[in-house]
$ cat query32.txt   # compact mmCIF, C-alpha atoms
# COMPACT_ATOMS: atom_id res chain seq x y z
CA MET A 15 34.28 46.33 -40.09
CA LYS A 16 31.22 47.75 -38.35
CA PHE A 17 28.28 45.37 -37.99
CA TRP A 18 24.72 46.64 -37.86
CA THR A 19 22.13 44.94 -35.68
CA ALA A 20 19.35 45.43 -38.20
CA THR A 21 18.52 47.15 -41.43
CA GLY A 22 15.00 47.55 -42.67
CA ILE A 23 13.04 48.18 -45.84
CA GLY A 24 9.51 49.40 -45.29
CA LEU A 25 6.90 52.10 -45.18
CA ALA A 26 7.51 54.99 -42.78
CA VAL A 27 4.47 56.93 -41.59
CA ARG A 28 3.48 59.47 -38.99
CA ASP A 29 1.29 57.83 -36.36
CA ILE A 30 -1.19 59.89 -34.40
CA SER A 31 -2.21 57.71 -31.46
CA VAL A 32 -5.39 58.59 -29.61
CA LEU A 33 -6.07 56.89 -26.28
CA VAL A 34 -9.71 56.62 -25.18
CA ASP A 35 -11.44 54.97 -22.23
CA ASP A 36 -14.29 53.69 -24.39
CA TYR A 37 -14.32 53.20 -28.15
CA PRO A 38 -16.76 55.63 -29.77
CA HIS A 39 -19.98 54.48 -31.40
CA ALA A 40 -21.27 56.03 -34.63
CA ASP A 41 -22.16 59.71 -34.25
CA GLU A 42 -20.68 59.81 -30.74
CA LYS A 43 -18.10 62.30 -29.50
CA VAL A 44 -15.53 60.89 -27.05
CA LYS A 45 -12.80 62.75 -25.17
CA ALA A 46 -9.31 61.40 -25.65
CA THR A 47 -7.33 60.70 -22.49
CA HIS A 48 -4.05 61.23 -24.33
CA MET A 49 -2.78 61.94 -27.85
CA TYR A 50 0.73 61.66 -29.18
CA GLU A 51 2.55 61.72 -32.47
CA SER A 52 5.40 59.41 -33.46
CA CYS A 53 7.08 57.78 -36.41
CA GLY A 54 5.37 54.51 -37.31
CA GLY A 55 5.14 51.61 -39.70
CA PRO A 56 6.09 48.05 -38.74
CA VAL A 57 9.73 48.26 -39.85
CA PRO A 58 10.53 51.75 -38.51
CA THR A 59 8.85 50.91 -35.19
CA ALA A 60 11.00 47.78 -34.79
CA LEU A 61 14.16 49.69 -35.75
CA VAL A 62 13.41 52.43 -33.22
CA THR A 63 12.88 49.79 -30.53
CA LEU A 64 16.26 48.20 -31.32
CA ALA A 65 17.94 51.63 -31.41
CA ARG A 66 16.53 52.41 -27.96
CA PHE A 67 18.30 49.28 -26.73
CA GLY A 68 21.57 50.66 -28.11
CA ARG A 69 21.62 48.67 -31.35
CA THR A 70 22.70 50.08 -34.71
CA THR A 71 19.89 50.33 -37.24
CA ALA A 72 19.25 51.73 -40.72
CA LEU A 73 16.11 52.18 -42.82
CA ALA A 74 15.35 52.34 -46.55
CA SER A 75 12.05 54.05 -47.23
CA TYR A 76 10.69 57.29 -48.61
CA VAL A 77 8.77 60.28 -47.39
CA GLY A 78 7.17 63.18 -49.18
CA ASN A 79 8.70 66.63 -49.37
CA ASP A 80 6.31 68.00 -46.75
CA GLU A 81 6.07 68.82 -43.07
CA VAL A 82 5.03 65.25 -42.22
CA GLY A 83 8.05 63.84 -44.07
CA ARG A 84 10.37 66.15 -42.17
CA PHE A 85 8.72 65.04 -38.91
CA ILE A 86 9.26 61.36 -39.82
CA LEU A 87 12.94 61.90 -40.69
CA LYS A 88 13.58 63.97 -37.55
CA SER A 89 11.86 61.35 -35.37
CA LEU A 90 13.86 58.47 -36.83
CA SER A 91 17.16 60.33 -36.63
CA GLY A 92 16.38 61.47 -33.10
CA GLU A 93 15.88 57.84 -32.10
CA GLY A 94 19.23 56.83 -33.60
CA VAL A 95 18.00 55.16 -36.80
CA GLN A 96 20.28 55.88 -39.78
CA THR A 97 18.15 57.52 -42.48
CA GLU A 98 20.56 58.03 -45.38
CA ALA A 99 18.58 55.53 -47.48
CA VAL A 100 15.27 57.31 -46.79
CA LYS A 101 14.46 59.23 -49.96
CA ILE A 102 12.46 62.45 -50.09
CA LYS A 103 10.06 62.25 -53.04
CA LYS A 104 8.92 65.63 -54.31
CA LYS A 105 5.56 64.65 -55.76
CA ARG A 106 4.45 62.43 -52.89
CA HIS A 107 2.66 63.19 -49.66
CA SER A 108 3.96 61.49 -46.54
CA ALA A 109 1.61 58.97 -44.99
CA THR A 110 -0.23 59.47 -41.71
CA SER A 111 -2.12 56.86 -39.75
CA VAL A 112 -4.49 57.48 -36.87
CA ILE A 113 -4.54 54.80 -34.18
CA ILE A 114 -7.38 54.62 -31.70
CA VAL A 115 -6.30 52.74 -28.56
CA GLU A 116 -8.85 51.52 -26.03
CA ASN A 117 -7.96 49.16 -23.16
CA GLY A 118 -5.06 47.59 -25.03
CA ARG A 119 -7.01 47.16 -28.28
CA ARG A 120 -6.29 49.30 -31.31
CA THR A 121 -7.94 50.36 -34.52
CA ILE A 122 -5.69 51.74 -37.25
CA LEU A 123 -6.95 54.17 -39.87
CA GLU A 124 -4.35 53.92 -42.62
CA ALA A 125 -3.56 56.64 -45.14
CA PRO A 126 -5.10 56.04 -48.59
CA ASP A 127 -1.92 55.64 -50.67
CA THR A 128 0.18 53.42 -48.39
CA GLN A 129 -0.54 50.37 -50.58
CA SER A 130 1.37 51.96 -53.48
CA PHE A 131 4.65 52.04 -51.52
CA SER A 132 7.60 51.13 -53.74
CA LEU A 133 11.33 51.62 -53.78
CA ASN A 134 13.89 50.89 -56.46
CA TRP A 135 17.15 49.05 -55.98
CA GLN A 136 19.18 52.29 -56.08
CA ASP A 137 17.30 53.40 -52.94
CA VAL A 138 17.95 50.15 -51.06
CA ARG A 139 21.55 49.46 -52.04
CA GLN A 140 22.71 52.28 -49.74
CA LEU A 141 21.83 50.09 -46.75
CA PRO A 142 24.67 48.20 -45.02
CA LEU A 143 23.24 44.87 -46.24
CA LYS A 144 26.53 42.96 -46.12
CA GLN A 145 27.24 44.19 -42.59
CA CYS A 146 23.89 43.61 -40.89
CA ARG A 147 22.83 40.76 -38.66
CA SER A 148 19.14 40.90 -39.62
CA LEU A 149 16.86 42.43 -42.22
CA LEU A 150 13.37 43.65 -41.38
CA VAL A 151 10.75 43.92 -44.15
CA ASP A 152 7.03 44.62 -44.37
CA ALA A 153 6.20 42.88 -47.68
CA ARG A 154 5.35 46.14 -49.47
CA CYS A 155 8.01 45.93 -52.21
CA ILE A 156 8.61 42.20 -52.23
CA GLU A 157 11.02 41.83 -55.18
CA ILE A 158 13.43 44.40 -53.76
CA GLN A 159 13.11 42.93 -50.25
CA ILE A 160 13.86 39.40 -51.53
CA LYS A 161 16.94 40.67 -53.38
CA ALA A 162 18.13 42.39 -50.22
CA ALA A 163 17.42 39.29 -48.13
CA LYS A 164 19.60 37.18 -50.43
CA ILE A 165 22.52 39.60 -49.97
CA VAL A 166 22.10 39.60 -46.19
CA ARG A 167 21.90 35.79 -46.09
CA GLN A 168 25.04 35.40 -48.22
CA ALA A 169 26.94 37.80 -46.00

$ encode --input "query32.txt" --output "structure tokens"
Amino acid sequence: MKFWTATGIGLAVRDISVLVDDYPHADEKVKATHMYESCGGPVPTALVTLARFGRTTALASYVGNDEVGRFILKSLSGEGVQTEAVKIKKKRHSATSVIIVENGRRTILEAPDTQSFSLNWQDVRQLPLKQCRSLLVDARCIEIQIKAAKIVRQA
């Protein structure tokens, strides 16, 4: 039986990180020193980190049927995170966050609808819950995450 290092249930977003030397004041224009785009969200970020260390990981989440959603799925898959439990929702837009980073500090501008994140049990039950060593959650769909945690603990 294959064991997974970690499975996760949580919001997946596109992060646009903007590095600046000095944080801008109101009505000020500041040049970025660097900008990059990546998959984000607390759970996906942790799973990508584990995958980069050679660990097996899987995510349950959803993305919209849009260019951003395709970017998120491609980024996760490219990093080695199993995405079979990531659902594509036709009437949803994928979330994007902008992160301003200045001297190690960060300010996150979160997409408007990220608080309404929810999955149903059918989405989550595709995860290898009985074969994983840990479960990562972000407290966005608590009832489902508690149910999953009980299965992982029993296993």

$ atom_distance --input "query32.txt" --atom1 "CA of Thr110 (chain A)" --atom2 "CA of Glu51 (chain A)"
9.9 Å

$ residues_around --input "query32.txt" --residues "Ser52 (chain A)" --least-positions-apart "6" --cutoff "12 Å" --atoms "all atoms listed in the file" --output "PDB file with C-alpha atoms, in the frame of the given file"
ATOM      1  CA  ALA A  26       7.510  54.990 -42.780  1.00  0.00           C
ATOM      2  CA  VAL A  27       4.470  56.930 -41.590  1.00  0.00           C
ATOM      3  CA  ARG A  28       3.480  59.470 -38.990  1.00  0.00           C
ATOM      4  CA  ASP A  29       1.290  57.830 -36.360  1.00  0.00           C
ATOM      5  CA  ILE A  30      -1.190  59.890 -34.400  1.00  0.00           C
ATOM      6  CA  SER A  31      -2.210  57.710 -31.460  1.00  0.00           C
ATOM      7  CA  VAL A  32      -5.390  58.590 -29.610  1.00  0.00           C
ATOM      8  CA  PRO A  58      10.530  51.750 -38.510  1.00  0.00           C
ATOM      9  CA  THR A  59       8.850  50.910 -35.190  1.00  0.00           C
ATOM     10  CA  VAL A  62      13.410  52.430 -33.220  1.00  0.00           C
ATOM     11  CA  VAL A  82       5.030  65.250 -42.220  1.00  0.00           C
ATOM     12  CA  GLY A  83       8.050  63.840 -44.070  1.00  0.00           C
ATOM     13  CA  PHE A  85       8.720  65.040 -38.910  1.00  0.00           C
ATOM     14  CA  ILE A  86       9.260  61.360 -39.820  1.00  0.00           C
ATOM     15  CA  LEU A  87      12.940  61.900 -40.690  1.00  0.00           C
ATOM     16  CA  LYS A  88      13.580  63.970 -37.550  1.00  0.00           C
ATOM     17  CA  SER A  89      11.860  61.350 -35.370  1.00  0.00           C
ATOM     18  CA  LEU A  90      13.860  58.470 -36.830  1.00  0.00           C
ATOM     19  CA  GLY A  92      16.380  61.470 -33.100  1.00  0.00           C
ATOM     20  CA  GLU A  93      15.880  57.840 -32.100  1.00  0.00           C
ATOM     21  CA  THR A 110      -0.230  59.470 -41.710  1.00  0.00           C
ATOM     22  CA  SER A 111      -2.120  56.860 -39.750  1.00  0.00           C
ATOM     23  CA  VAL A 112      -4.490  57.480 -36.870  1.00  0.00           C
ATOM     24  CA  ILE A 113      -4.540  54.800 -34.180  1.00  0.00           C
TER      25      ILE A 113
END

$ residues_around --input "query32.txt" --residues "Lys103 (chain A)" --least-positions-apart "4" --cutoff "8 Å" --atoms "only C-alpha atoms" --output "number ranges by chain"
A: 76-79

$ residues_around --input "query32.txt" --residues "Ile114 (chain A)" --least-positions-apart "4" --cutoff "9 Å" --atoms "only C-alpha atoms" --output "list in words"
Ile30, Ser31, Val32, Leu33, Val34, Tyr37, Arg119, Arg120, Thr121, Ile122 and Leu123 of chain A

$ closest_residue --input "query32.txt" --among "A:Val115, A:Ala74, A:Arg106, A:Asp80" --to "Tyr50 (chain A)" --atoms "all atoms listed in the file"
A:Val115
